[in-house]
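upload-v4.pdb follows (PDB, C-alpha atoms, pLDDT in the B column):
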ATOM      1  CA  LYS A   1    -106.932  18.191  31.406  1.00 67.00           C
ATOM      2  CA  SER A   2    -110.564  17.475  32.046  1.00 73.00           C
ATOM      3  CA  ALA A   3    -112.421  18.048  35.277  1.00 81.00           C
ATOM      4  CA  PRO A   4    -113.462  14.820  36.963  1.00 87.00           C
ATOM      5  CA  ASN A   5    -117.099  13.835  37.098  1.00 91.00           C
ATOM      6  CA  TYR A   6    -118.082  14.199  40.742  1.00 94.00           C
ATOM      7  CA  PRO A   7    -119.724  10.934  41.857  1.00 94.00           C
ATOM      8  CA  ASP A   8    -123.326  11.575  42.919  1.00 94.00           C
ATOM      9  CA  THR A   9    -122.939   9.347  45.976  1.00 95.00           C
ATOM     10  CA  ALA A  10    -119.920  11.324  47.179  1.00 95.00           C
ATOM     11  CA  LYS A  11    -121.618  14.650  46.470  1.00 94.00           C
ATOM     12  CA  ARG A  12    -124.763  13.681  48.402  1.00 95.00           C
ATOM     13  CA  ALA A  13    -122.589  12.508  51.307  1.00 95.00           C
ATOM     14  CA  GLY A  14    -120.681  15.819  51.268  1.00 95.00           C
ATOM     15  CA  ILE A  15    -117.351  14.129  50.589  1.00 96.00           C
ATOM     16  CA  GLU A  16    -114.660  16.462  49.301  1.00 96.00           C
ATOM     17  CA  GLY A  17    -110.925  16.081  49.121  1.00 96.00           C
ATOM     18  CA  ASP A  18    -107.915  15.232  47.050  1.00 97.00           C
ATOM     19  CA  VAL A  19    -107.052  11.974  45.352  1.00 98.00           C
ATOM     20  CA  THR A  20    -103.337  11.461  44.780  1.00 98.00           C
ATOM     21  CA  VAL A  21    -102.299   9.123  41.991  1.00 98.00           C
ATOM     22  CA  SER A  22     -98.860   7.789  41.099  1.00 98.00           C
ATOM     23  CA  ALA A  23     -98.415   7.328  37.343  1.00 98.00           C
ATOM     24  CA  VAL A  24     -95.941   7.151  34.499  1.00 98.00           C
ATOM     25  CA  VAL A  25     -96.043   9.695  31.667  1.00 97.00           C
ATOM     26  CA  ASN A  26     -95.066   7.575  28.665  1.00 97.00           C
ATOM     27  CA  ILE A  27     -93.192   8.766  25.568  1.00 97.00           C
ATOM     28  CA  THR A  28     -96.436   9.897  23.905  1.00 96.00           C
ATOM     29  CA  GLY A  29     -97.572  11.946  26.932  1.00 95.00           C
ATOM     30  CA  LYS A  30    -100.238   9.476  28.065  1.00 96.00           C
ATOM     31  CA  LEU A  31    -100.548   8.434  31.716  1.00 96.00           C
ATOM     32  CA  THR A  32     -99.921   4.741  32.358  1.00 97.00           C
ATOM     33  CA  SER A  33     -99.346   2.505  35.395  1.00 97.00           C
ATOM     34  CA  MET A  34    -101.755   4.600  37.476  1.00 98.00           C
ATOM     35  CA  LYS A  35    -102.049   3.671  41.153  1.00 98.00           C
ATOM     36  CA  ILE A  36    -104.011   5.368  43.908  1.00 98.00           C
ATOM     37  CA  VAL A  37    -101.762   6.728  46.663  1.00 98.00           C
ATOM     38  CA  SER A  38    -104.413   8.383  48.820  1.00 98.00           C
ATOM     39  CA  GLY A  39    -107.912   9.795  48.765  1.00 97.00           C
ATOM     40  CA  ALA A  40    -111.514   9.039  49.659  1.00 97.00           C
ATOM     41  CA  PRO A  41    -112.600   5.678  48.226  1.00 97.00           C
ATOM     42  CA  LEU A  42    -115.777   7.195  46.738  1.00 96.00           C
ATOM     43  CA  LEU A  43    -113.657   9.640  44.693  1.00 97.00           C
ATOM     44  CA  GLN A  44    -110.886   7.330  43.496  1.00 97.00           C
ATOM     45  CA  HIS A  45    -112.626   5.805  40.468  1.00 96.00           C
ATOM     46  CA  ALA A  46    -113.690   9.243  39.191  1.00 96.00           C
ATOM     47  CA  ALA A  47    -110.114  10.511  39.539  1.00 97.00           C
ATOM     48  CA  LEU A  48    -108.711   7.600  37.514  1.00 96.00           C
ATOM     49  CA  ASP A  49    -111.414   8.000  34.853  1.00 95.00           C
ATOM     50  CA  SER A  50    -110.556  11.677  34.477  1.00 94.00           C
ATOM     51  CA  LEU A  51    -106.800  11.037  34.290  1.00 95.00           C
ATOM     52  CA  ARG A  52    -107.242   8.567  31.432  1.00 93.00           C
ATOM     53  CA  SER A  53    -108.059  11.499  29.141  1.00 92.00           C
ATOM     54  CA  TRP A  54    -105.224  13.789  30.324  1.00 93.00           C
ATOM     55  CA  ARG A  55    -102.181  14.275  28.107  1.00 93.00           C
ATOM     56  CA  TYR A  56     -98.790  15.665  29.044  1.00 94.00           C
ATOM     57  CA  GLU A  57     -95.716  16.752  27.136  1.00 94.00           C
ATOM     58  CA  PRO A  58     -93.299  13.818  27.319  1.00 93.00           C
ATOM     59  CA  ALA A  59     -89.995  14.213  29.127  1.00 95.00           C
ATOM     60  CA  PHE A  60     -86.830  14.230  27.029  1.00 96.00           C
ATOM     61  CA  LEU A  61     -83.356  12.894  27.695  1.00 96.00           C
ATOM     62  CA  ASN A  62     -80.660  13.435  25.065  1.00 97.00           C
ATOM     63  CA  ASP A  63     -83.353  14.725  22.672  1.00 96.00           C
ATOM     64  CA  LYS A  64     -85.363  11.490  22.938  1.00 97.00           C
ATOM     65  CA  PRO A  65     -88.711  11.111  24.721  1.00 96.00           C
ATOM     66  CA  VAL A  66     -88.506   8.988  27.873  1.00 98.00           C
ATOM     67  CA  PRO A  67     -91.117   7.760  30.351  1.00 98.00           C
ATOM     68  CA  VAL A  68     -91.123   9.529  33.708  1.00 97.00           C
ATOM     69  CA  GLN A  69     -92.740   8.739  37.073  1.00 97.00           C
ATOM     70  CA  THR A  70     -95.000  11.459  38.468  1.00 97.00           C
ATOM     71  CA  SER A  71     -97.555  12.142  41.169  1.00 97.00           C
ATOM     72  CA  ILE A  72    -100.844  13.888  40.348  1.00 96.00           C
ATOM     73  CA  THR A  73    -103.443  15.301  42.720  1.00 96.00           C
ATOM     74  CA  VAL A  74    -107.046  15.523  41.550  1.00 96.00           C
ATOM     75  CA  LYS A  75    -109.107  17.935  43.665  1.00 95.00           C
ATOM     76  CA  PHE A  76    -112.779  17.366  44.382  1.00 96.00           C
ATOM     77  CA  ARG A  77    -114.746  20.324  45.737  1.00 94.00           C
ATOM     78  CA  ILE A  78    -118.506  20.668  46.018  1.00 89.00           C
ATOM     79  CA  HIS A  79    -119.647  24.015  44.608  1.00 79.00           C
TER      80      HIS A  79
END
Before we go any further, please render this structure as structure tokens.
Amino acid sequence: KSAPNYPDTAKRAGIEGDVTVSAVVNITGKLTSMKIVSGAPLLQHAALDSLRSWRYEPAFLNDKPVPVQTSITVKFRIH
């Protein structure tokens, strides 16, 4: 996992929060079919950009990797 790049515009505006994304973990562990479920519009693009580099262990069914639907929450906090 990589931390998202906090958009400067959102940071200057003091916007914090969570962005929830629906996605499929494919058989190689990569996230595909990503769709925003909720979150501040100024943070959504940064969340998707960050998720593109994330990798998961694929799910298995009968010892074969299978795609699986998941929900991921990316947290944005100003420090």
For a test of reading the model, state the distance in Å between CA of Val24 (chain A) and CA of Pro41 (chain A), rounded to one decimal. 21.6 Å
To one decimal place, how far is CA of Ile36 (chain A) from CA of Arg77 (chain A) in Å?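 According to the coordinates, CA of Ile36 (chain A) and CA of Arg77 (chain A) are separated by 18.5 Å.
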On this structure, which residues satisfy the PyMOL selection byres ((chain A and resi 71) around 10), written as a ChimeraX atom specification? /A:20-25,34-37,69-70,72-73
Top pick for closest residue to Thr32 (chain A), considering A:His45, A:Glu16, A:Arg52, A:Lys75 and counting all atoms listed in the file: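 For Thr32 (chain A), the nearest of the candidates is A:Arg52.
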Could you list, as a list in words, every residue within 12 Å of Arg12 (chain A), counting all atoms listed in the file and ignoring same-chain residues fewer than 5 positions away?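 So the residues in contact are Tyr6, Pro7, Leu42 and Ile78 of chain A.
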The PyMOL selection byres ((chain A and resi 56-62) around 7) applied to the shown file, residues as a PyMOL selection string: chain A and resi 25-30+54-55+63-68
When distances are computed from all atoms listed in the file, which of A:Ala13, A:Ser33, A:Asp8, A:His79 shows the smallest separation from Leu48 (chain A)? A:Ser33
Between CA of Ser53 (chain A) and CA of Ala10 (chain A), what is the distance, to one decimal in Å?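 Computing the Euclidean distance for CA of Ser53 (chain A) and CA of Ala10 (chain A) yields 21.6 Å.
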Taking into account only C-alpha atoms, which residue in the set A:Ser2, A:Phe76, A:Leu31, A:Ser38 is nearest to Ile15 (chain A)?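 Comparing A:Ser2, A:Phe76, A:Leu31, A:Ser38 against Ile15 (chain A), the winner is A:Phe76.
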What are the centre and edge lengths in Å, to one decimal, of the axis-aligned box around all listed atoms of region 61-78 of chain A with 8 Å added on each side, as AutoDock Vina command-line options?
--center_x -99.6 --center_y 14.2 --center_z 34.3 --size_x 53.8 --size_y 28.9 --size_z 39.3
